[in-house]
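S.K.: Dropping in query-v1.cif, which is mmCIF, C-alpha atoms:
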data_entry
loop_
_atom_site.label_atom_id
_atom_site.label_comp_id
_atom_site.auth_asym_id
_atom_site.auth_seq_id
_atom_site.Cartn_x
_atom_site.Cartn_y
_atom_site.Cartn_z
CA MET A 1 81.26 -20.85 97.75
CA THR A 2 80.94 -18.75 100.91
CA VAL A 3 79.40 -19.83 104.21
CA SER A 4 77.34 -17.42 106.29
CA THR A 5 76.09 -17.52 109.88
CA PHE A 6 73.94 -20.53 110.76
CA PHE A 7 70.86 -18.39 111.41
CA PRO A 8 70.05 -16.11 108.42
CA PRO A 9 67.90 -12.99 108.88
CA GLU A 10 64.18 -13.55 108.43
CA ASP A 11 64.02 -11.54 105.21
CA ASP A 12 66.76 -13.58 103.54
CA GLN A 13 65.87 -17.21 104.09
CA PRO A 14 67.59 -19.86 101.97
CA GLY A 15 65.58 -20.57 98.85
CA ASP A 16 63.97 -17.11 98.53
CA ASP A 17 65.93 -16.54 95.33
CA LEU A 18 64.99 -19.90 93.86
CA PRO A 19 63.84 -19.47 90.25
CA GLY A 20 60.51 -20.94 89.22
CA PRO A 21 56.92 -20.65 90.38
CA ALA A 22 55.73 -17.84 92.64
CA PRO A 23 55.74 -18.58 96.39
CA ARG A 24 52.05 -19.47 96.51
CA ARG A 25 52.55 -22.11 93.85
CA ARG A 26 55.76 -23.37 95.43
CA ASN A 27 53.82 -24.08 98.60
CA ARG A 28 51.05 -25.97 96.86
CA GLY A 29 52.45 -29.44 97.53
CA LEU A 30 53.92 -28.53 100.89
CA THR A 31 53.99 -31.18 103.63
CA ILE A 32 51.48 -33.51 102.08
CA ALA A 33 54.35 -35.91 101.67
CA LEU A 34 54.12 -36.54 105.35
CA VAL A 35 50.90 -38.50 105.09
CA ALA A 36 52.62 -41.09 102.91
CA LEU A 37 53.80 -42.70 106.09
CA ALA A 38 50.15 -43.07 107.06
CA VAL A 39 49.58 -45.28 104.02
CA ILE A 40 52.70 -47.29 104.70
CA VAL A 41 52.26 -47.52 108.46
CA VAL A 42 48.86 -46.34 109.69
CA GLY A 43 46.71 -48.27 107.27
CA ALA A 44 49.06 -51.19 107.56
CA LEU A 45 49.01 -51.26 111.36
CA ALA A 46 45.26 -51.20 111.66
CA SER A 47 44.77 -53.74 108.91
CA ALA A 48 47.11 -56.06 110.78
CA ALA A 49 45.19 -55.48 113.98
CA ILE A 50 41.50 -55.73 113.11
CA TYR A 51 40.27 -54.45 109.78
CA VAL A 52 42.28 -56.74 107.55
CA GLY A 53 39.93 -57.09 104.60
CA SER A 54 38.35 -53.64 104.66
CA ILE A 55 41.53 -51.60 105.11
CA ASP A 56 43.41 -53.70 102.59
CA ARG A 57 40.77 -52.99 99.96
CA THR A 58 40.65 -49.30 100.85
CA VAL A 59 44.40 -48.86 100.50
CA THR A 60 44.97 -50.95 97.38
CA SER A 61 41.94 -49.54 95.54
CA ASN A 62 42.89 -45.90 96.17
CA VAL A 63 46.70 -45.75 96.03
CA GLN A 64 48.00 -44.86 92.58
CA VAL A 65 50.97 -46.65 91.02
CA GLY A 66 53.67 -44.56 89.37
CA GLU A 67 57.21 -45.03 88.11
CA ASP A 68 59.58 -47.88 88.80
CA LEU A 69 62.66 -47.28 90.92
CA PRO A 70 65.91 -46.60 89.02
CA PRO A 71 67.18 -49.66 87.12
CA GLU A 72 69.67 -51.92 88.87
CA VAL A 73 72.08 -51.54 85.95
CA PRO A 74 72.36 -47.88 84.86
CA GLU A 75 71.33 -47.18 81.28
CA ASP A 76 74.22 -44.71 80.96
CA GLU A 77 77.61 -46.36 81.48
CA ASP A 78 78.83 -43.13 83.12
CA GLU A 79 76.22 -43.43 85.87
CA ALA A 80 77.25 -44.91 89.20
CA PRO A 81 75.53 -48.21 90.07
CA ARG A 82 72.91 -48.21 92.79
CA PRO A 83 74.24 -49.15 96.24
CA PRO A 84 73.54 -52.75 97.25
CA LYS A 85 70.69 -53.67 99.55
CA GLY A 86 71.90 -53.84 103.15
CA ALA A 87 72.26 -57.10 105.02
CA THR A 88 69.35 -56.30 107.36
CA GLU A 89 65.61 -56.24 106.67
CA ALA A 90 65.38 -52.49 107.28
CA VAL A 91 63.38 -50.55 104.68
CA ASN A 92 63.86 -46.97 103.40
CA TYR A 93 60.95 -45.07 101.84
CA VAL A 94 61.55 -41.82 99.92
CA ILE A 95 58.65 -39.43 100.58
CA MET A 96 58.22 -36.55 98.12
CA GLY A 97 55.75 -33.69 97.90
CA SER A 98 56.21 -31.60 94.77
CA ASP A 99 55.07 -28.10 93.87
CA ALA A 100 53.97 -29.09 90.34
CA ARG A 101 50.48 -28.52 88.94
CA PRO A 102 48.82 -30.84 86.41
CA ASP A 103 49.33 -28.28 83.60
CA ASP A 104 52.81 -27.34 84.77
CA SER A 105 56.36 -28.67 84.56
CA ALA A 106 57.63 -31.36 86.88
CA GLY A 107 58.17 -28.83 89.66
CA ARG A 108 60.55 -29.25 92.56
CA SER A 109 60.22 -31.45 95.65
CA ASP A 110 59.05 -28.98 98.27
CA VAL A 111 59.15 -31.78 100.84
CA LEU A 112 61.76 -34.52 100.81
CA MET A 113 62.08 -37.13 103.54
CA VAL A 114 63.37 -40.63 104.10
CA ALA A 115 61.21 -42.84 106.33
CA HIS A 116 63.43 -45.56 107.79
CA LEU A 117 61.70 -48.66 109.12
CA ALA A 118 64.02 -50.68 111.39
CA ALA A 119 64.67 -54.33 110.65
CA ASP A 120 63.14 -55.44 113.96
CA ARG A 121 60.05 -53.28 113.17
CA GLN A 122 60.14 -51.84 116.68
CA SER A 123 61.04 -48.30 115.62
CA ALA A 124 61.02 -45.92 112.66
CA ALA A 125 62.46 -42.50 111.81
CA LEU A 126 61.52 -39.54 109.63
CA ILE A 127 64.56 -37.74 108.20
CA SER A 128 64.00 -34.36 106.53
CA PHE A 129 66.30 -33.17 103.76
CA PRO A 130 66.15 -29.35 103.54
CA ARG A 131 65.22 -28.30 100.02
CA ASP A 132 68.31 -26.07 99.63
CA MET A 133 70.94 -28.69 100.57
CA TRP A 134 73.81 -28.29 98.09
CA VAL A 135 74.55 -31.80 96.81
CA ASP A 136 75.68 -33.76 93.77
CA VAL A 137 72.73 -34.46 91.48
CA PRO A 138 73.80 -37.30 89.14
CA GLY A 139 74.36 -36.01 85.63
CA HIS A 140 73.83 -32.38 86.66
CA GLY A 141 76.70 -31.54 88.99
CA LYS A 142 76.18 -29.53 92.17
CA ASN A 143 72.64 -28.33 92.72
CA LYS A 144 69.97 -27.91 95.37
CA ILE A 145 68.58 -31.28 96.36
CA ASN A 146 65.04 -30.27 95.46
CA ALA A 147 66.14 -29.66 91.86
CA ALA A 148 66.55 -33.41 91.36
CA TYR A 149 62.78 -33.81 91.11
CA SER A 150 62.37 -31.18 88.39
CA LEU A 151 65.38 -32.51 86.47
CA GLY A 152 64.49 -36.21 86.57
CA GLY A 153 61.45 -36.90 88.73
CA PRO A 154 61.33 -39.59 91.44
CA GLN A 155 64.04 -41.71 89.82
CA LEU A 156 66.65 -38.94 89.89
CA THR A 157 65.57 -38.01 93.40
CA VAL A 158 66.21 -41.60 94.50
CA ARG A 159 69.59 -41.68 92.75
CA THR A 160 70.54 -38.37 94.39
CA LEU A 161 69.68 -39.64 97.86
CA GLU A 162 71.42 -42.96 97.28
CA GLY A 163 74.55 -41.15 96.11
CA LEU A 164 74.41 -38.82 99.10
CA LEU A 165 73.90 -41.59 101.66
CA GLY A 166 75.50 -44.62 100.00
CA THR A 167 72.34 -46.44 101.06
CA ARG A 168 69.64 -48.25 99.07
CA MET A 169 66.22 -46.60 98.88
CA ASP A 170 63.56 -49.32 98.68
CA HIS A 171 60.35 -47.51 97.78
CA THR A 172 58.94 -44.10 96.88
CA ALA A 173 55.73 -42.26 97.73
CA GLN A 174 54.64 -39.02 96.04
CA ILE A 175 51.86 -37.00 97.60
CA ASP A 176 49.32 -34.55 96.23
CA PHE A 177 47.91 -31.51 98.03
CA GLU A 178 44.26 -31.85 98.91
CA GLY A 179 44.59 -34.98 101.04
CA PHE A 180 46.36 -33.21 103.85
CA VAL A 181 43.45 -30.82 104.45
CA GLN A 182 40.90 -33.63 104.29
CA VAL A 183 42.71 -36.08 106.57
CA THR A 184 43.03 -33.56 109.42
CA LYS A 185 39.32 -32.78 109.07
CA ASP A 186 38.41 -36.47 109.08
CA LEU A 187 40.44 -36.88 112.26
CA GLY A 188 38.75 -33.93 113.95
CA GLY A 189 42.09 -32.14 114.24
CA VAL A 190 45.57 -33.24 115.34
CA THR A 191 47.57 -32.06 118.37
CA VAL A 192 51.23 -31.04 118.28
CA ASP A 193 53.65 -29.65 120.86
CA ASN A 194 54.60 -26.43 119.06
CA PRO A 195 58.18 -25.22 119.80
CA HIS A 196 57.96 -21.71 118.25
CA TYR A 197 55.29 -19.00 118.21
CA SER A 198 53.97 -17.69 114.88
CA LYS A 199 50.88 -15.92 113.53
CA THR A 200 49.34 -16.35 110.08
CA GLY A 201 46.27 -14.29 109.26
CA ASP A 202 43.70 -14.91 111.99
CA TRP A 203 45.53 -18.02 113.25
CA GLU A 204 47.90 -17.68 116.17
CA PHE A 205 50.15 -20.63 117.01
CA SER A 206 51.26 -20.46 120.64
CA VAL A 207 54.17 -22.38 122.15
CA GLY A 208 53.00 -25.65 123.66
CA GLU A 209 50.20 -28.02 122.75
CA ILE A 210 47.91 -26.80 119.96
CA THR A 211 45.28 -28.53 117.82
CA LEU A 212 45.33 -28.07 114.06
CA GLU A 213 42.74 -28.81 111.40
CA GLY A 214 42.27 -28.16 107.68
CA ASP A 215 43.48 -24.80 106.35
CA GLN A 216 44.79 -23.91 109.80
CA ALA A 217 47.05 -26.97 109.68
CA LEU A 218 48.31 -25.96 106.25
CA ALA A 219 49.09 -22.44 107.46
CA TYR A 220 51.04 -23.94 110.36
CA VAL A 221 53.28 -26.16 108.25
CA ARG A 222 53.83 -23.54 105.53
CA GLU A 223 55.22 -20.87 107.83
CA ARG A 224 58.97 -20.33 107.85
CA LYS A 225 59.85 -16.61 107.87
CA GLN A 226 58.67 -16.11 111.46
CA LEU A 227 60.64 -19.12 112.71
CA PRO A 228 64.18 -18.75 114.10
CA ARG A 229 65.74 -21.31 111.74
CA GLY A 230 63.46 -20.64 108.78
CA ASP A 231 63.06 -23.62 106.47
CA LEU A 232 64.66 -25.97 109.00
CA ASP A 233 62.00 -25.23 111.62
CA ARG A 234 59.31 -25.55 108.96
CA ALA A 235 60.59 -29.05 108.21
CA GLU A 236 60.42 -29.82 111.93
CA ARG A 237 56.77 -28.70 111.94
CA GLN A 238 56.11 -31.03 109.02
CA ARG A 239 57.51 -33.96 110.96
CA LEU A 240 55.52 -33.02 114.07
CA VAL A 241 52.29 -32.98 112.07
CA ALA A 242 53.12 -36.32 110.43
CA GLN A 243 53.57 -37.91 113.84
CA ALA A 244 50.37 -36.26 115.09
CA ILE A 245 48.39 -37.68 112.16
CA LEU A 246 49.71 -41.16 112.93
CA ARG A 247 49.03 -40.77 116.65
CA GLN A 248 45.46 -39.59 116.14
CA ALA A 249 44.69 -42.13 113.40
CA LEU A 250 45.75 -44.93 115.76
CA SER A 251 43.97 -43.56 118.81
CA PRO A 252 41.44 -45.90 120.48
CA GLU A 253 38.47 -43.70 119.51
CA VAL A 254 39.41 -43.79 115.80
CA ILE A 255 40.42 -47.46 115.60
CA ALA A 256 37.24 -48.41 117.44
CA ASN A 257 35.20 -46.73 114.71
CA PRO A 258 35.61 -48.77 111.50
CA LEU A 259 33.74 -46.26 109.31
CA LYS A 260 35.81 -43.31 110.52
CA PHE A 261 39.10 -45.16 110.27
CA ASN A 262 38.29 -46.42 106.77
CA ARG A 263 37.42 -42.86 105.72
CA VAL A 264 40.72 -41.55 107.08
CA VAL A 265 42.79 -44.23 105.36
CA GLY A 266 40.85 -43.71 102.12
CA SER A 267 41.42 -39.94 102.15
CA VAL A 268 45.16 -40.48 102.64
CA ALA A 269 45.48 -43.26 100.08
CA LYS A 270 43.82 -41.24 97.31
CA GLN A 271 46.63 -38.67 97.44
CA VAL A 272 49.51 -41.14 97.25
CA THR A 273 51.41 -42.48 94.23
CA VAL A 274 53.84 -45.28 95.01
CA ASP A 275 56.45 -47.10 92.95
CA ARG A 276 55.45 -50.33 91.21
CA GLY A 277 57.29 -52.47 93.72
CA LEU A 278 55.21 -51.25 96.67
CA THR A 279 52.36 -53.65 96.01
CA GLY A 280 49.40 -54.46 98.21
CA SER A 281 51.05 -57.69 99.27
CA GLU A 282 54.26 -55.82 100.14
CA MET A 283 52.32 -53.36 102.32
CA ARG A 284 50.46 -56.23 103.93
CA LYS A 285 53.73 -58.06 104.67
CA THR A 286 55.13 -54.91 106.27
CA ALA A 287 51.93 -54.41 108.24
CA LEU A 288 52.11 -57.82 109.83
CA SER A 289 55.70 -57.20 110.96
CA VAL A 290 55.31 -53.75 112.55
CA ARG A 291 55.72 -53.59 116.34
CA PHE A 292 55.96 -49.87 117.13
CA ARG A 293 53.67 -47.00 118.12
CA PRO A 294 53.63 -43.47 116.64
CA ASP A 295 55.60 -42.21 119.63
CA ASP A 296 58.41 -44.60 118.66
CA ILE A 297 58.98 -42.68 115.40
CA ALA A 298 62.10 -40.54 115.72
CA SER A 299 62.25 -37.13 114.04
CA LEU A 300 65.47 -35.60 112.72
CA GLN A 301 66.98 -33.51 109.98
CA ALA A 302 69.83 -34.37 107.63
CA PRO A 303 72.83 -32.43 109.02
CA ILE A 304 73.98 -29.11 107.63
CA SER A 305 76.86 -26.96 108.91
CA GLY A 306 75.41 -23.58 107.96
CA PHE A 307 74.11 -21.46 105.12
CA GLY A 308 76.08 -20.17 102.18
CA THR A 309 76.05 -18.88 98.64
CA SER A 310 76.84 -20.97 95.58
CA SER A 311 79.17 -19.80 92.82
CA ASP A 312 76.13 -18.78 90.76
CA GLY A 313 74.63 -16.75 93.60
CA GLN A 314 72.03 -19.12 95.05
CA SER A 315 71.34 -19.27 98.79
CA ILE A 316 72.16 -22.81 99.87
CA ASP A 317 72.37 -25.11 102.89
CA VAL A 318 75.91 -26.42 103.34
CA VAL A 319 76.10 -30.14 104.09
CA ASP A 320 77.90 -31.18 107.26
CA GLU A 321 79.95 -33.89 105.58
CA ASP A 322 81.25 -35.56 108.75
CA LYS A 323 77.85 -35.84 110.43
CA LEU A 324 76.22 -36.91 107.17
CA ASP A 325 78.76 -39.73 106.90
CA GLU A 326 77.75 -40.83 110.40
CA LEU A 327 74.06 -40.68 109.48
CA ALA A 328 74.69 -42.70 106.31
CA GLU A 329 76.59 -45.33 108.28
CA ALA A 330 73.79 -45.51 110.85
CA LEU A 331 71.23 -46.06 108.07
CA ARG A 332 73.33 -48.76 106.42
CA ASP A 333 73.87 -50.51 109.75
CA ASP A 334 70.25 -50.02 110.85
CA ASP A 335 71.55 -48.32 114.00
CA LEU A 336 69.91 -44.89 113.93
CA GLN A 337 69.57 -44.86 117.70
CA SER A 338 73.32 -44.47 118.14
CA PHE A 339 73.23 -41.44 115.82
CA LEU A 340 70.23 -39.99 117.67
CA ASP A 341 71.99 -40.45 120.99
CA ARG A 342 74.81 -38.22 119.70
CA TYR A 343 72.69 -35.80 117.69
CA PRO A 344 69.03 -35.75 118.84
CA ARG A 345 67.98 -33.24 116.14
CA GLY A 346 70.24 -34.50 113.37
#
Let me see whether you can do it: turn the structure in this file into structure tokens.
M.R.:
Amino acid sequence: MTVSTFFPPEDDQPGDDLPGPAPRRRNRGLTIALVALAVIVVGALASAAIYVGSIDRTVTSNVQVGEDLPPEVPEDEDEAPRPPKGATEAVNYVIMGSDARPDDSAGRSDVLMVAHLAADRQSAALISFPRDMWVDVPGHGKNKINAAYSLGGPQLTVRTLEGLLGTRMDHTAQIDFEGFVQVTKDLGGVTVDNPHYSKTGDWEFSVGEITLEGDQALAYVRERKQLPRGDLDRAERQRLVAQAILRQALSPEVIANPLKFNRVVGSVAKQVTVDRGLTGSEMRKTALSVRFRPDDIASLQAPISGFGTSSDGQSIDVVDEDKLDELAEALRDDDLQSFLDRYPRG
């Protein structure tokens, strides 16, 4: 394996040689995974505050239930056991947005994040895992992290992350495409502080505060070739939009309007499929314990040391093993702030 400069040229971004669907289809499920946190946190927060019955019914009646988490005891004796649950009450949610279509194969996870909810419920963090991170995928050797979804769905994705971090993943949320467009429309747009200029079609995204809605928002979070760090900056945009959705959904003007808030939560919930363990009562229990605001959600990326080429010629993101070990320890100890103090962007 060879390692190249940290910033690849714009016409050779990591992942451009990835086999599979054409780029338009690869982007289909892009960034919708971000709104999973809105089901876990936004709907939960408001239900705890004022709309207990209504929001609870909206979430539980619209969220779909999917696969179980991996079994505690591996079915294959060659598989490594799942890491034990930590001593704290912190919770880790795996958020996935895939590029699969209903009549297609399983696809790959075009968005992969871990949402970490601190044990004291006073803070949370969104951690992006770049799709081209070169990692061990259990049973399949070295591969890009997004291949885990196509090879074994949510369960293999969870096992891959747990092996990478040595940390228990507690729940999963898979997100479909159309909800992202609808939720930004229902909110009347969301505002982000955009770090890098780009232009897509008729939409121009200036540096500084901009408001995004519908197809414009999708164009914003899909862009990568015009950004200095390519896919890494695109992942940062995804996290910015996730935080903006949470911030706007919990704004006084939205929370004070029960019909609007219920519509927003309903549009989000319809796009989400959670594991069987993330029941209505579990969400409600989490809701009643949360003590943070959207601005208390940290945003970071799993650390890489640069870009490289695998032995079979794929463009890959090379894991920064030392920093990843520190991140894994911080997750296990529920002490992400110490990691953020050292590495604000991951």
S.K.: Quick one: apply the PyMOL selection byres ((chain A and resi 278) around 12) to the file and drop the selected residues here as a PyMOL selection string.
M.R.: chain A and resi 39-40+59-60+63-69+91-94+170-173+272-277+279-286
S.K.: Rounded to one decimal in Å, what is the spacing between atom CA of Gly201 of chain A and atom CA of Gln243 of chain A?
M.R.: 25.1 Å
S.K.: Just the residues within 10 Å of Arg82 of chain A, please, counting all atoms listed in the file, with nothing from its chain fewer than 6 positions along; format it as an MDAnalysis selection string.
M.R.: chainID A and resid 70:74 158:159 162:163 166:169
S.K.: Restricting the calculation to only C-alpha atoms: of A:Glu79, A:Gln122, A:Ile127, A:Leu165, which residue gets closest to Arg332 of chain A?
M.R.: A:Leu165
S.K.: Write out as JSON, numbers by chain which residues come within 9 Å of segment 214-217 of chain A when counting only C-alpha atoms, dropping same-chain ones fewer than 4 positions away.
M.R.: {"A": [180, 181, 182, 183, 184, 185, 189, 190, 200, 203, 221, 222, 241]}
